[in-house]
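Peer 1: Take this structure, written in structure tokens, and hold onto it; I'll ask about it next.
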Amino acid sequence: MQNRLDFLIKDNHCEKAIEDFKILTSVPYWLNQYSDLFDSVSIKPEGLPRITSSHFDGETFENILLFAHLYDLVNSLFE
């Protein structure tokens with residue numbers, strides 16, 4: 001069961017990943033480095049599209065949303 005602290009930690013990791021992207025030297029390396037984080041903030045039920053888990057008790061964690069969107073976009077360009 002997740003709690004607010006889990007979301008805060010993931011939100012901080014996502015913020016770092018976004019900052020790392022701004023200074024990256026290798027897109028494939030960045031994608032590989034943050035694939036587990038992307039998986040941890042994503043819900044992918046079989047047969048349904050992936051969604052980002054960025055809300056907890058009515059609170060939205062913006063860095064999670066931004067990171068998931070960035071990762072998904074960059075990954076789709078490099079597939």
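Residue numbering restarts at 1 for every chain of the structure tokens, chains are lettered A, B, ... in their displayed order, and ligands are numbered from 1 as they appear.
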Got a sec: who's within 9 Å of Arg4 of chain A, counting only C-alpha atoms, leaving out chain neighbours fewer than 5 positions off, as a compact mmCIF listing (two decimals) with N, CA and C atoms, in the first residue's frame?
Peer 2:
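Produced file selection_25.txt, reproduced below:
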# COMPACT_ATOMS: atom_id res chain seq x y z
N ILE A 9 8.79 10.85 -2.24
CA ILE A 9 10.09 10.31 -2.64
C ILE A 9 10.16 10.15 -4.15
N PHE A 56 -2.46 11.34 -4.95
CA PHE A 56 -2.65 10.65 -3.67
C PHE A 56 -3.53 11.52 -2.78
N ASP A 57 -4.65 11.00 -2.37
CA ASP A 57 -5.59 11.72 -1.50
C ASP A 57 -5.88 13.12 -2.02
Peer 1: Name the residues in contact with Leu70 of chain A at a cut-off of 10 Å, using only C-alpha atoms, excluding same-chain residues fewer than 4 positions from it; report them as a JSON list (two decimals) with all heavy atoms, in the first residue's frame.
Peer 2:
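Output saved as out.json:
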[["chain", "number", "residue", "atom", "x", "y", "z"],
["A", 17, "ALA", "N", 15.49, 13.41, -12.18],
["A", 17, "ALA", "CA", 15.56, 12.86, -13.53],
["A", 17, "ALA", "C", 15.34, 13.95, -14.57],
["A", 17, "ALA", "O", 16.01, 13.98, -15.61],
["A", 17, "ALA", "CB", 14.54, 11.74, -13.70],
["A", 18, "ILE", "N", 14.42, 14.86, -14.31],
["A", 18, "ILE", "CA", 14.16, 15.97, -15.23],
["A", 18, "ILE", "C", 15.39, 16.87, -15.31],
["A", 18, "ILE", "O", 15.80, 17.28, -16.40],
["A", 18, "ILE", "CB", 12.91, 16.75, -14.79],
["A", 18, "ILE", "CG1", 11.65, 15.89, -14.95],
["A", 18, "ILE", "CG2", 12.77, 18.05, -15.59],
["A", 18, "ILE", "CD1", 10.42, 16.43, -14.24],
["A", 21, "PHE", "N", 18.06, 15.28, -17.32],
["A", 21, "PHE", "CA", 17.77, 15.31, -18.76],
["A", 21, "PHE", "C", 18.26, 16.62, -19.37],
["A", 21, "PHE", "O", 18.75, 16.64, -20.50],
["A", 21, "PHE", "CB", 16.27, 15.14, -19.02],
["A", 21, "PHE", "CG", 15.94, 15.04, -20.48],
["A", 21, "PHE", "CD1", 16.12, 13.85, -21.15],
["A", 21, "PHE", "CD2", 15.48, 16.15, -21.16],
["A", 21, "PHE", "CE1", 15.83, 13.77, -22.52],
["A", 21, "PHE", "CE2", 15.19, 16.07, -22.52],
["A", 21, "PHE", "CZ", 15.37, 14.88, -23.20],
["A", 38, "PHE", "N", 10.37, 5.14, -14.19],
["A", 38, "PHE", "CA", 9.20, 5.25, -15.05],
["A", 38, "PHE", "C", 8.21, 4.13, -14.76],
["A", 38, "PHE", "O", 7.01, 4.37, -14.63],
["A", 38, "PHE", "CB", 9.62, 5.22, -16.52],
["A", 38, "PHE", "CG", 8.48, 5.34, -17.48],
["A", 38, "PHE", "CD1", 7.81, 6.54, -17.64],
["A", 38, "PHE", "CD2", 8.08, 4.25, -18.23],
["A", 38, "PHE", "CE1", 6.74, 6.65, -18.52],
["A", 38, "PHE", "CE2", 7.03, 4.35, -19.13],
["A", 38, "PHE", "CZ", 6.36, 5.55, -19.27],
["A", 64, "ILE", "N", 6.15, 14.02, -10.94],
["A", 64, "ILE", "CA", 5.84, 12.68, -11.45],
["A", 64, "ILE", "C", 5.15, 12.81, -12.81],
["A", 64, "ILE", "O", 5.52, 12.11, -13.77],
["A", 64, "ILE", "CB", 4.97, 11.88, -10.45],
["A", 64, "ILE", "CG1", 5.77, 11.59, -9.17],
["A", 64, "ILE", "CG2", 4.46, 10.59, -11.10],
["A", 64, "ILE", "CD1", 4.96, 10.93, -8.06],
["A", 65, "LEU", "N", 4.18, 13.70, -12.91],
["A", 65, "LEU", "CA", 3.48, 13.91, -14.19],
["A", 65, "LEU", "C", 4.45, 14.36, -15.28],
["A", 65, "LEU", "O", 4.44, 13.82, -16.39],
["A", 65, "LEU", "CB", 2.39, 14.97, -14.03],
["A", 65, "LEU", "CG", 1.08, 14.54, -13.43],
["A", 65, "LEU", "CD1", 0.17, 15.75, -13.24],
["A", 65, "LEU", "CD2", 0.40, 13.51, -14.29],
["A", 66, "LEU", "N", 5.29, 15.35, -14.97],
["A", 66, "LEU", "CA", 6.23, 15.87, -15.96],
["A", 66, "LEU", "C", 7.24, 14.82, -16.39],
["A", 66, "LEU", "O", 7.52, 14.66, -17.58],
["A", 66, "LEU", "CB", 6.96, 17.09, -15.39],
["A", 66, "LEU", "CG", 6.13, 18.35, -15.21],
["A", 66, "LEU", "CD1", 6.92, 19.40, -14.44],
["A", 66, "LEU", "CD2", 5.66, 18.89, -16.54],
["A", 74, "VAL", "N", 10.28, 10.93, -25.02],
["A", 74, "VAL", "CA", 11.65, 10.66, -25.46],
["A", 74, "VAL", "C", 11.80, 9.20, -25.87],
["A", 74, "VAL", "O", 12.40, 8.89, -26.90],
["A", 74, "VAL", "CB", 12.66, 11.05, -24.36],
["A", 74, "VAL", "CG1", 14.07, 10.59, -24.71],
["A", 74, "VAL", "CG2", 12.63, 12.55, -24.13],
["A", 75, "ASN", "N", 11.24, 8.31, -25.09],
["A", 75, "ASN", "CA", 11.32, 6.89, -25.41],
["A", 75, "ASN", "C", 10.65, 6.59, -26.75],
["A", 75, "ASN", "O", 11.18, 5.80, -27.54],
["A", 75, "ASN", "CB", 10.70, 6.06, -24.28],
["A", 75, "ASN", "CG", 10.97, 4.59, -24.43],
["A", 75, "ASN", "OD1", 12.11, 4.18, -24.69],
["A", 75, "ASN", "ND2", 9.95, 3.78, -24.27],
["A", 76, "SER", "N", 9.52, 7.22, -27.02],
["A", 76, "SER", "CA", 8.83, 6.96, -28.29],
["A", 76, "SER", "C", 9.66, 7.46, -29.48],
["A", 76, "SER", "O", 9.58, 6.90, -30.57],
["A", 76, "SER", "CB", 7.45, 7.62, -28.29],
["A", 76, "SER", "OG", 7.54, 9.02, -28.36]]
Peer 1: Would you give me, as number ranges by chain, the residues in chain A that DSSP reads as alpha helix (DSSP H)?
Peer 2: A: 4-22, 27-33, 35-40, 62-78
Peer 1: Skipping near chain neighbours, those fewer than 5 positions away, what residues fall within 7 Å of Phe61 of chain A using only C-alpha atoms, listed as JSON, numbers by chain?
Peer 2: {"A": [11, 54, 55]}
Peer 1: For atom CA of Ser42 of chain A and atom CA of Phe7 of chain A, quote the distance in Å rounded to one decimal.
Peer 2: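 Distance between the two atoms: 12.3 Å.
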Peer 1: Nearest to Ser35 of chain A among A:Leu5, A:Ala68, A:Ile23, A:Ile51, with distances taken over only C-alpha atoms: which residue is it?
Peer 2: A:Ala68
Peer 1: Within 12 Å of Leu37 of chain A, counting only C-alpha atoms, which residues show up once you throw out same-chain ones fewer than 3 positions away? Write them as a VMD selection string, please.
Peer 2: chain A and resid 7 9 to 18 30 to 34 40 to 43 52 to 53 64 67 to 68 71 to 72
